[in-house]
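File shown: target_14.txt. Contents: compact mmCIF, C-alpha atoms.
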```txt
# COMPACT_ATOMS: atom_id res chain seq x y z
CA MET A 1396 115.78 -78.78 -33.11
CA LEU A 1397 113.20 -79.42 -30.45
CA PRO A 1398 110.14 -77.18 -30.39
CA LYS A 1399 110.19 -74.34 -27.89
CA LYS A 1400 107.30 -75.79 -25.89
CA VAL A 1401 109.15 -79.08 -25.36
CA LYS A 1402 112.29 -77.26 -24.21
CA LYS A 1403 110.27 -75.20 -21.76
CA ARG A 1404 108.64 -78.27 -20.26
CA ALA A 1405 111.98 -80.08 -20.02
CA SER A 1406 113.65 -77.23 -18.17
CA LEU A 1407 110.65 -76.84 -15.86
CA LEU A 1408 110.83 -80.52 -15.04
CA ALA A 1409 114.59 -80.43 -14.46
CA LEU A 1410 114.16 -77.51 -12.07
CA MET A 1411 111.32 -79.30 -10.24
CA LEU A 1412 113.39 -82.47 -9.85
CA LEU A 1413 116.45 -80.59 -8.67
CA LEU A 1414 114.45 -78.69 -6.05
CA SER A 1415 112.72 -81.82 -4.75
CA VAL A 1416 116.03 -83.72 -4.56
CA ILE A 1417 117.56 -80.89 -2.54
CA GLY A 1418 114.45 -80.73 -0.34
CA ILE A 1419 114.49 -84.45 0.36
CA PHE A 1420 118.22 -84.39 1.01
CA PHE A 1421 117.71 -81.83 3.77
CA ILE A 1422 114.73 -83.71 5.22
CA LEU A 1423 116.79 -86.90 5.40
CA GLN A 1424 119.74 -85.01 6.82
CA SER A 1425 117.65 -83.66 9.69
CA LEU A 1426 115.96 -87.01 10.25
CA ASN A 1427 119.27 -88.86 10.15
CA LYS A 1428 119.24 -89.70 13.86
CA ASN A 1429 115.69 -91.06 13.71
CA ILE A 1430 116.27 -93.15 10.62
CA LEU A 1431 119.05 -95.09 12.32
CA TYR A 1432 117.34 -98.27 13.41
CA PHE A 1433 119.85 -98.91 16.20
CA LYS A 1434 122.77 -97.23 17.90
CA SER A 1435 126.21 -98.75 18.10
CA PRO A 1436 128.17 -98.96 21.38
CA THR A 1437 130.39 -96.13 20.09
CA ASP A 1438 127.34 -93.90 19.53
CA ILE A 1439 126.33 -94.48 23.14
CA LYS A 1440 129.79 -93.79 24.49
CA ASN A 1441 130.04 -90.51 22.58
CA ASN A 1442 126.51 -89.36 23.35
CA GLN A 1443 126.56 -86.88 26.26
CA ASN A 1444 122.88 -86.57 27.11
CA ILE A 1445 121.30 -90.00 27.13
CA ASN A 1446 117.74 -90.37 28.33
CA PHE A 1447 117.86 -93.46 30.55
CA ASP A 1448 114.05 -93.73 30.75
CA LYS A 1449 113.51 -93.94 27.03
CA LYS A 1450 113.48 -97.22 25.15
CA ILE A 1451 116.26 -97.43 22.59
CA ARG A 1452 117.78 -100.04 20.32
CA VAL A 1453 121.43 -100.94 20.29
CA GLY A 1454 123.20 -103.22 17.85
CA GLY A 1455 126.51 -104.88 17.19
CA MET A 1456 128.28 -108.22 17.09
CA VAL A 1457 127.94 -110.65 19.97
CA LYS A 1458 131.50 -110.89 21.27
CA LYS A 1459 133.19 -114.28 21.11
CA ASN A 1460 133.11 -116.26 24.40
CA SER A 1461 130.98 -113.62 26.09
CA LEU A 1462 127.65 -115.43 26.01
CA ILE A 1463 126.53 -116.68 29.44
CA ILE A 1464 123.22 -118.52 29.58
CA LYS A 1465 121.70 -118.92 33.03
CA GLU A 1466 118.28 -120.17 34.02
CA GLU A 1467 116.45 -116.87 34.03
CA GLU A 1468 118.75 -114.58 32.12
CA ILE A 1469 121.09 -114.42 29.17
CA LYS A 1470 124.12 -112.18 29.39
CA PHE A 1471 126.39 -111.18 26.58
CA VAL A 1472 128.60 -108.39 25.32
CA ILE A 1473 128.03 -106.62 22.01
CA THR A 1474 130.86 -104.93 20.23
CA ASP A 1475 131.39 -102.75 17.17
CA PHE A 1476 135.12 -103.53 17.36
CA ASN A 1477 135.82 -100.17 19.04
CA ASN A 1478 133.59 -100.15 22.08
CA GLU A 1479 131.56 -102.68 23.99
CA LEU A 1480 128.26 -102.82 25.83
CA ASN A 1481 127.03 -105.41 28.36
CA ILE A 1482 123.54 -106.71 27.75
CA SER A 1483 121.20 -108.68 29.95
CA PHE A 1484 118.06 -110.31 28.63
CA SER A 1485 115.45 -112.77 29.77
CA GLY A 1486 113.21 -114.40 27.21
CA THR A 1487 113.47 -116.35 23.99
CA VAL A 1488 116.04 -115.46 21.38
CA PRO A 1489 115.63 -115.92 17.60
CA ASN A 1490 117.17 -118.94 15.87
CA LEU A 1491 120.05 -117.04 14.34
CA PHE A 1492 121.21 -115.56 17.62
CA SER A 1493 124.72 -116.79 18.43
CA GLU A 1494 128.24 -115.59 19.15
CA GLU A 1495 130.01 -113.58 16.46
CA LYS A 1496 126.70 -112.77 14.76
CA GLY A 1497 124.92 -109.45 14.50
CA VAL A 1498 122.21 -108.63 17.01
CA VAL A 1499 119.83 -105.76 17.76
CA ALA A 1500 118.54 -105.36 21.31
CA GLU A 1501 115.57 -103.23 22.34
CA GLY A 1502 115.35 -101.98 25.89
CA LYS A 1503 116.70 -99.41 28.33
CA LEU A 1504 120.19 -98.33 29.25
CA GLN A 1505 121.04 -98.57 32.92
CA ASP A 1506 124.34 -96.78 32.56
CA LYS A 1507 126.76 -96.31 29.70
CA THR A 1508 128.03 -99.87 29.86
CA PHE A 1509 124.98 -101.85 30.92
CA PHE A 1510 121.78 -102.41 28.99
CA ILE A 1511 118.68 -104.38 29.91
CA ALA A 1512 116.91 -105.71 26.84
CA ASP A 1513 113.32 -106.80 26.58
CA ARG A 1514 113.50 -107.88 22.96
CA ILE A 1515 116.28 -109.40 20.90
CA LEU A 1516 116.37 -109.40 17.11
CA ALA A 1517 118.99 -111.28 15.13
CA LYS A 1518 120.69 -109.47 12.29
CA HIS A 1519 122.13 -111.66 9.60
CA ASP A 1520 124.84 -110.80 7.12
CA GLU A 1521 124.76 -110.86 3.34
CA ASN A 1522 126.70 -114.11 2.95
CA TYR A 1523 124.89 -117.17 1.73
CA MET A 1524 126.55 -120.52 1.19
CA PRO A 1525 125.83 -124.24 1.46
CA PRO A 1526 126.77 -125.92 4.79
CA GLU A 1527 129.45 -128.15 3.19
CA LEU A 1528 131.34 -125.09 2.01
CA LYS A 1529 131.21 -123.53 5.48
CA ASP A 1530 132.68 -126.73 6.96
CA MET A 1531 135.45 -126.68 4.40
CA MET A 1532 136.21 -123.07 5.24
CA LYS A 1533 136.37 -123.92 8.93
CA GLN A 1534 138.80 -126.77 8.26
CA ASN A 1535 140.97 -124.57 6.12
CA ALA A 1536 141.06 -121.98 8.88
CA LYS A 1537 142.38 -124.60 11.28
CA MET B 15 108.58 -94.98 -39.90
CA PHE B 16 105.55 -94.28 -37.75
CA LYS B 17 103.67 -97.14 -39.35
CA ILE B 18 105.38 -99.50 -36.91
CA LEU B 19 103.92 -97.56 -34.04
CA ASN B 20 100.42 -97.85 -35.43
CA LEU B 21 98.11 -99.39 -32.82
CA SER B 22 96.96 -102.22 -35.08
CA ASN B 23 100.57 -103.16 -35.71
CA ILE B 24 101.38 -103.08 -32.01
CA PHE B 25 98.33 -105.22 -31.40
CA TYR B 26 99.54 -107.83 -33.87
CA TRP B 27 102.97 -108.06 -32.24
CA ILE B 28 101.47 -108.22 -28.75
CA GLU B 29 99.37 -111.22 -29.79
CA LYS B 30 102.45 -112.97 -31.19
CA LEU B 31 104.57 -112.26 -28.10
CA ILE B 32 101.86 -113.41 -25.69
CA GLY B 33 101.61 -116.66 -27.62
CA PHE B 34 105.37 -117.18 -27.49
CA ILE B 35 105.71 -116.43 -23.76
CA ASN B 36 102.76 -118.70 -22.98
CA SER B 37 104.45 -121.56 -24.78
CA VAL B 38 107.70 -121.40 -22.77
CA PHE B 39 106.59 -119.88 -19.47
CA PHE B 40 105.32 -122.94 -17.61
CA ILE B 41 108.28 -125.14 -18.54
CA LEU B 42 110.72 -122.46 -17.39
CA LEU B 43 108.71 -121.89 -14.19
CA LEU B 44 108.87 -125.60 -13.39
CA VAL B 45 112.62 -125.73 -14.03
CA ALA B 46 113.31 -122.61 -11.95
CA LEU B 47 111.08 -123.70 -9.08
CA SER B 48 112.62 -127.16 -8.92
CA PHE B 49 116.08 -125.61 -8.78
CA ALA B 50 115.01 -123.11 -6.14
CA LEU B 51 113.04 -125.50 -3.93
CA ILE B 52 114.77 -128.86 -4.43
CA PHE B 53 118.20 -128.80 -6.04
CA SER B 54 119.71 -125.72 -4.42
CA PRO B 55 121.47 -126.33 -1.11
CA PRO B 56 120.17 -125.00 2.23
CA ASP B 57 122.07 -122.12 3.82
CA TYR B 58 124.74 -122.89 6.43
CA LEU B 59 123.05 -120.60 8.93
CA GLN B 60 119.41 -120.24 8.00
CA GLY B 61 118.75 -123.74 6.66
CA ASP B 62 115.78 -124.07 4.35
CA SER B 63 114.26 -120.69 5.13
CA VAL B 64 116.82 -119.22 2.73
CA ARG B 65 114.57 -120.47 -0.08
CA ILE B 66 112.23 -117.53 0.56
CA MET B 67 115.02 -115.46 -0.99
CA TYR B 68 114.27 -116.93 -4.43
CA VAL B 69 110.90 -115.17 -4.40
CA HIS B 70 111.70 -112.20 -2.19
CA VAL B 71 114.73 -110.81 -4.02
CA PRO B 72 113.39 -111.01 -7.61
CA SER B 73 110.09 -109.48 -6.45
CA ALA B 74 111.88 -106.55 -4.87
CA TRP B 75 114.02 -106.04 -7.98
CA ILE B 76 110.97 -106.05 -10.21
CA GLY B 77 109.10 -103.70 -7.89
CA LEU B 78 111.97 -101.23 -8.14
CA ALA B 79 112.54 -101.71 -11.87
CA SER B 80 108.84 -101.23 -12.69
CA PHE B 81 108.64 -98.00 -10.77
CA SER B 82 111.86 -96.69 -12.32
CA SER B 83 110.53 -97.39 -15.79
CA ILE B 84 107.17 -95.80 -14.96
CA SER B 85 108.98 -92.70 -13.70
CA ILE B 86 111.27 -92.42 -16.71
CA LEU B 87 108.38 -92.93 -19.13
CA SER B 88 106.37 -90.34 -17.18
CA ILE B 89 109.20 -87.85 -17.61
CA ALA B 90 109.19 -88.57 -21.34
CA HIS B 91 105.42 -88.13 -21.41
CA PHE B 92 105.61 -84.89 -19.46
CA ILE B 93 108.08 -83.47 -21.97
CA PHE B 94 107.01 -84.93 -25.31
CA LYS B 95 103.29 -85.62 -24.64
CA ILE B 96 103.25 -88.95 -26.46
CA LYS B 97 99.90 -90.46 -25.51
CA ASN B 98 100.97 -94.04 -26.12
CA ILE B 99 103.29 -93.77 -23.12
CA ARG B 100 100.28 -93.33 -20.83
CA LEU B 101 98.95 -96.70 -21.91
CA ILE B 102 102.31 -98.31 -21.17
CA THR B 103 102.77 -96.78 -17.70
CA LYS B 104 99.16 -97.60 -16.82
CA SER B 105 99.82 -101.22 -17.78
CA ILE B 106 103.08 -101.55 -15.83
CA ALA B 107 101.78 -100.14 -12.54
CA PRO B 108 99.59 -103.05 -11.31
CA ILE B 109 102.39 -105.61 -11.79
CA GLY B 110 104.84 -103.36 -9.98
CA LEU B 111 102.44 -102.96 -7.06
CA MET B 112 101.84 -106.69 -6.92
CA PHE B 113 105.55 -107.53 -6.81
CA THR B 114 106.32 -104.78 -4.27
CA CYS B 115 103.61 -106.20 -2.00
CA LEU B 116 104.95 -109.71 -2.63
CA ALA B 117 108.43 -108.54 -1.58
CA LEU B 118 107.01 -106.98 1.59
CA VAL B 119 104.97 -110.08 2.47
CA THR B 120 107.72 -112.62 1.74
CA GLY B 121 110.17 -110.39 3.61
CA SER B 122 107.85 -110.44 6.59
CA ILE B 123 107.54 -114.23 6.44
CA TRP B 124 111.33 -114.50 6.15
CA GLY B 125 111.91 -112.05 8.98
CA GLN B 126 109.96 -114.06 11.52
CA PRO B 127 112.22 -117.15 11.63
CA THR B 128 115.52 -115.31 11.02
CA TRP B 129 115.34 -111.93 12.75
CA GLY B 130 112.61 -112.89 15.20
CA THR B 131 110.08 -110.29 14.12
CA TRP B 132 107.42 -109.88 11.44
CA TRP B 133 107.88 -106.18 10.87
CA VAL B 134 110.27 -103.41 11.90
CA TRP B 135 110.38 -99.79 10.78
CA ASP B 136 113.98 -99.78 9.60
CA ALA B 137 115.07 -97.65 6.63
CA ARG B 138 114.96 -100.37 3.97
CA ILE B 139 111.56 -101.76 4.91
CA THR B 140 109.98 -98.35 5.45
CA SER B 141 111.23 -97.01 2.12
CA MET B 142 109.91 -100.13 0.38
CA PHE B 143 106.56 -99.56 2.07
CA ILE B 144 106.57 -95.98 0.79
CA LEU B 145 107.20 -97.34 -2.71
CA ALA B 146 104.02 -99.43 -2.39
CA LEU B 147 102.15 -96.26 -1.35
CA PHE B 148 103.46 -94.44 -4.43
CA TYR B 149 102.16 -97.29 -6.60
CA VAL B 150 98.76 -97.08 -4.90
CA GLY B 151 98.72 -93.31 -5.47
CA PHE B 152 99.68 -93.72 -9.10
CA ILE B 153 97.03 -96.33 -9.82
CA SER B 154 94.26 -94.65 -7.86
CA THR B 155 94.58 -91.30 -9.65
CA HIS B 156 93.41 -93.02 -12.82
CA LYS B 157 90.51 -94.61 -10.99
CA LEU B 158 89.46 -91.58 -8.94
CA ILE B 159 89.90 -88.67 -11.33
CA ALA B 160 87.49 -88.76 -14.24
CA ASN B 161 89.15 -86.05 -16.32
CA GLU B 162 91.81 -87.92 -18.26
CA ASN B 163 94.21 -85.01 -18.78
CA LYS B 164 94.11 -84.08 -15.13
CA ALA B 165 94.62 -87.71 -14.06
CA ASN B 166 97.60 -88.02 -16.40
CA LYS B 167 99.19 -84.90 -15.04
CA ILE B 168 98.77 -85.84 -11.36
CA SER B 169 99.93 -89.42 -11.86
CA SER B 170 102.98 -88.17 -13.78
CA ILE B 171 103.92 -85.93 -10.89
CA ILE B 172 103.47 -88.81 -8.42
CA ALA B 173 105.70 -91.04 -10.56
CA ILE B 174 108.40 -88.38 -10.96
CA ILE B 175 108.52 -87.54 -7.25
CA GLY B 176 108.56 -91.25 -6.46
CA LEU B 177 111.72 -91.64 -8.53
CA ILE B 178 113.69 -90.00 -5.70
CA ASN B 179 112.64 -92.87 -3.44
CA ILE B 180 114.36 -95.46 -5.65
CA PRO B 181 118.02 -94.64 -4.79
CA ILE B 182 116.94 -94.23 -1.16
CA ILE B 183 115.67 -97.82 -1.17
CA LYS B 184 118.79 -99.08 -2.93
CA TYR B 185 121.30 -97.38 -0.63
CA SER B 186 119.27 -97.37 2.62
CA VAL B 187 121.21 -100.40 3.85
CA ASP B 188 124.55 -98.64 3.24
CA TRP B 189 123.67 -95.16 4.49
CA TRP B 190 121.99 -96.09 7.76
CA ASN B 191 122.05 -98.83 10.37
CA THR B 192 119.27 -101.17 9.39
CA LEU B 193 118.12 -104.57 10.52
CA HIS B 194 118.00 -105.56 6.86
CA GLN B 195 121.35 -106.90 5.66
CA PRO B 196 123.29 -105.14 2.87
CA ALA B 197 123.01 -106.30 -0.74
CA SER B 198 124.55 -109.68 -1.55
CA ILE B 199 124.71 -109.09 -5.27
CA LYS B 200 126.68 -106.07 -6.31
CA LEU B 201 126.90 -104.47 -9.71
CA ILE B 202 130.66 -104.15 -9.34
CA GLY B 203 132.75 -106.77 -7.61
CA GLU B 204 132.13 -110.28 -6.37
CA SER B 205 128.78 -111.18 -4.88
CA SER B 206 128.67 -112.76 -1.45
CA ILE B 207 126.25 -115.46 -2.44
CA HIS B 208 127.49 -118.88 -3.47
CA SER B 209 127.11 -119.77 -7.15
CA SER B 210 124.93 -122.82 -6.35
CA MET B 211 122.40 -120.37 -4.88
CA LEU B 212 122.99 -117.52 -7.29
CA MET B 213 122.06 -119.59 -10.33
CA PRO B 214 118.51 -120.49 -9.14
CA LEU B 215 118.06 -116.88 -8.02
CA LEU B 216 118.84 -115.51 -11.46
CA LEU B 217 116.70 -118.21 -13.06
CA MET B 218 113.74 -117.22 -10.87
CA PHE B 219 114.36 -113.59 -11.74
CA PHE B 220 114.22 -114.43 -15.43
CA VAL B 221 110.95 -116.35 -14.99
CA PHE B 222 109.45 -113.47 -12.98
CA ILE B 223 110.40 -111.07 -15.76
CA LEU B 224 108.67 -113.30 -18.31
CA TYR B 225 105.59 -113.32 -16.09
CA CYS B 226 105.70 -109.54 -15.85
CA ALA B 227 106.01 -109.23 -19.61
CA LEU B 228 103.02 -111.53 -20.03
CA ILE B 229 100.78 -109.59 -17.65
CA PHE B 230 102.02 -106.28 -19.06
CA LEU B 231 101.23 -107.30 -22.64
CA MET B 232 97.77 -108.52 -21.68
CA LYS B 233 97.04 -105.27 -19.86
CA TYR B 234 98.44 -103.20 -22.72
CA LYS B 235 96.22 -105.16 -25.11
CA THR B 236 93.12 -104.33 -23.06
CA GLU B 237 94.04 -100.65 -23.03
CA ILE B 238 94.36 -100.70 -26.83
CA ILE B 239 91.02 -102.47 -27.15
CA LYS B 240 89.44 -99.80 -24.92
CA ILE B 241 90.73 -97.10 -27.24
CA LYS B 242 89.58 -98.93 -30.35
CA LYS B 243 86.13 -99.26 -28.84
CA LYS B 244 85.97 -95.51 -28.51
CA ASN B 245 86.56 -95.49 -32.28
CA ILE B 246 89.54 -93.22 -32.17
CA LYS B 247 91.85 -93.79 -35.13
CA ARG B 248 94.88 -92.02 -33.71
CA ILE B 249 95.94 -91.49 -30.15
```
Could you spell out this file's structure in structure tokens?
Amino acid sequence: MLPKKVKKRASLLALMLLLSVIGIFFILQSLNKNILYFKSPTDIKNNQNINFDKKIRVGGMVKKNSLIIKEEEIKFVITDFNNELNISFSGTVPNLFSEEKGVVAEGKLQDKTFFIADRILAKHDENYMPPELKDMMKQNAK
Amino acid sequence: MFKILNLSNIFYWIEKLIGFINSVFFILLLVALSFALIFSPPDYLQGDSVRIMYVHVPSAWIGLASFSSISILSIAHFIFKIKNIRLITKSIAPIGLMFTCLALVTGSIWGQPTWGTWWVWDARITSMFILALFYVGFISTHKLIANENKANKISSIIAIIGLINIPIIKYSVDWWNTLHQPASIKLIGESSIHSSMLMPLLLMFFVFILYCALIFLMKYKTEIIKIKKKNIKRI
């Protein structure tokens, strides 16, 4: 049998841990909206009271065949496969920015379907493979 | 049975282990680095900047693993009051801090060419930053508080509270929208990283672990020497 002192300390510790886990759970729960690094187009569609003057970040996939590059602006559509959002941006984009890749845009909403970005960040997925394999996969898909 | 745990015995085994790791470490490091930097293929999307992964990912793993072990040992110390555990946790902490910082720095260097930014406050990166702060707190209590018992108690509490941060780091990419991509290597199921890149990654991880063991043993040895100098027969 364990000594009484050891048991007492163990139960004190278990209680402490349990309380702090519950505490942190509630803190995270209430911060949930702020922890989200970006909003999806669906979040924006469902949100009733949007502050149009505040800078926000939106994210999603760049829709296929939606990218239009003009001299002084880049236009594209991001999608989360349920809803879409039009984005306009002028400036340099990161290397990994392309169609059908994840993107996070920072800027202001003009209305619920149009967003002017002043910064673009590329989001990349968790897949890593050599280029030869990607080519093979493309050929197989054809 | 407790003869094995005698400090002089531990000291003897530490010396032997350090000698062994020293003899194989540099060869393994060369092999792993040449696989990571030369023989492994570039990524289809990111090109050669994917090679930062071979340092970034093992560093982050080790940063997390070190803190988890410090926390679990601190719990054991809090309950059973085995003094030897203090020496072990004290010796792990600096390596953990170093690798956590390395993960943050390499992540930053990797983020610039791929995401287009050095630093963002998304959930994964922020929680990793908090982990580094916990390490700093843990290490500095021993430096700042002269009373050893008090320092042990406070650092234990820091380590135990910090344990809650570990699952938050691990699952931050699944629970919230983050700029950081989700994990490529999963405990269950197939990993989304090609085997020609996975192999060098695991090799680098192994070498990093050897390095950690080496630094840990050296630090542990110094702690034992410190105690012997105080002429205490038992701890």
Provide an axis-aligned box for all listed atoms of stretch 1475-1491 of chain A, padding each side by 5 Å; report its centre and its edge lengths in Å to one decimal, as AutoDock Vina command-line options.
```
--center_x 124.5 --center_y -109.5 --center_z 22.1 --size_x 32.6 --size_y 28.8 --size_z 25.6
```
Within 10 Å of chain A, which residues of chain B show up when using all atoms listed in the file, listed as JSON, numbers by chain?
{"B": [54, 55, 56, 57, 58, 59, 60, 61, 64, 89, 90, 92, 93, 94, 95, 125, 126, 127, 128, 129, 130, 131, 134, 135, 136, 137, 138, 140, 171, 174, 175, 177, 178, 179, 182, 186, 189, 190, 191, 192, 193, 194, 195, 196, 197, 198, 199, 205, 206, 207, 208, 209, 210, 211, 212]}
Give me the residues near B:Leu44 as an MDAnalysis selection string, where near means some atom within 12 Å (using all atoms listed in the file) and where sequence neighbours in that chain fewer than 6 positions away do not count.
chainID B and resid 38 50:52 214 217:218 221
Please determine the residues with any atom at most 9 Å from (117.0, -97.5, 32.9) (coordinates as given in the file, with only C-alpha atoms counting) and report them as a ChimeraX atom specification.
/A:1446-1450,1502-1506,1510-1511
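Atom CA of B:Ile106 to atom CA of B:Ser80 spans 6.6 Å [interatomic distance, one decimal].
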Can you measure atom CA of B:Trp27 to atom CA of B:Ile223 for me? One decimal in Å is fine.
18.3 Å
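Across the model, the gap from atom CA of B:Asn161 to atom CA of B:Lys244 is 15.8 Å.
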For B:Ile99, work out the shell of residues within 8 Å, counting all atoms listed in the file and skipping chain neighbours fewer than 3 positions away, then give it as an MDAnalysis selection string.
chainID B and resid 87:88 91 96 102:103
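The protein and nucleic acid residues lying at most 7 Å from stretch 112-115 of chain B are Ser73, Ala74, Ile76, Gly77, Pro108, Val119 and Ala146 of chain B, with only C-alpha atoms considered and sequence neighbours fewer than 4 positions away removed.
Counting only C-alpha atoms, the residue from B:Ala227, B:Met142, B:Gly176, B:Lys104 that sits nearest to B:Thr155 is B:Lys104.
Point (113.3, -113.2, -2.9) has the following residues at most 9 Å away: Val64, Arg65, Ile66, Met67, Tyr68, Val69, His70, Val71, Pro72, Ser73, Ala74, Trp75, Ala117, Thr120, Gly121, Leu215, Met218 and Phe219 of chain B (atoms considered: only C-alpha atoms).
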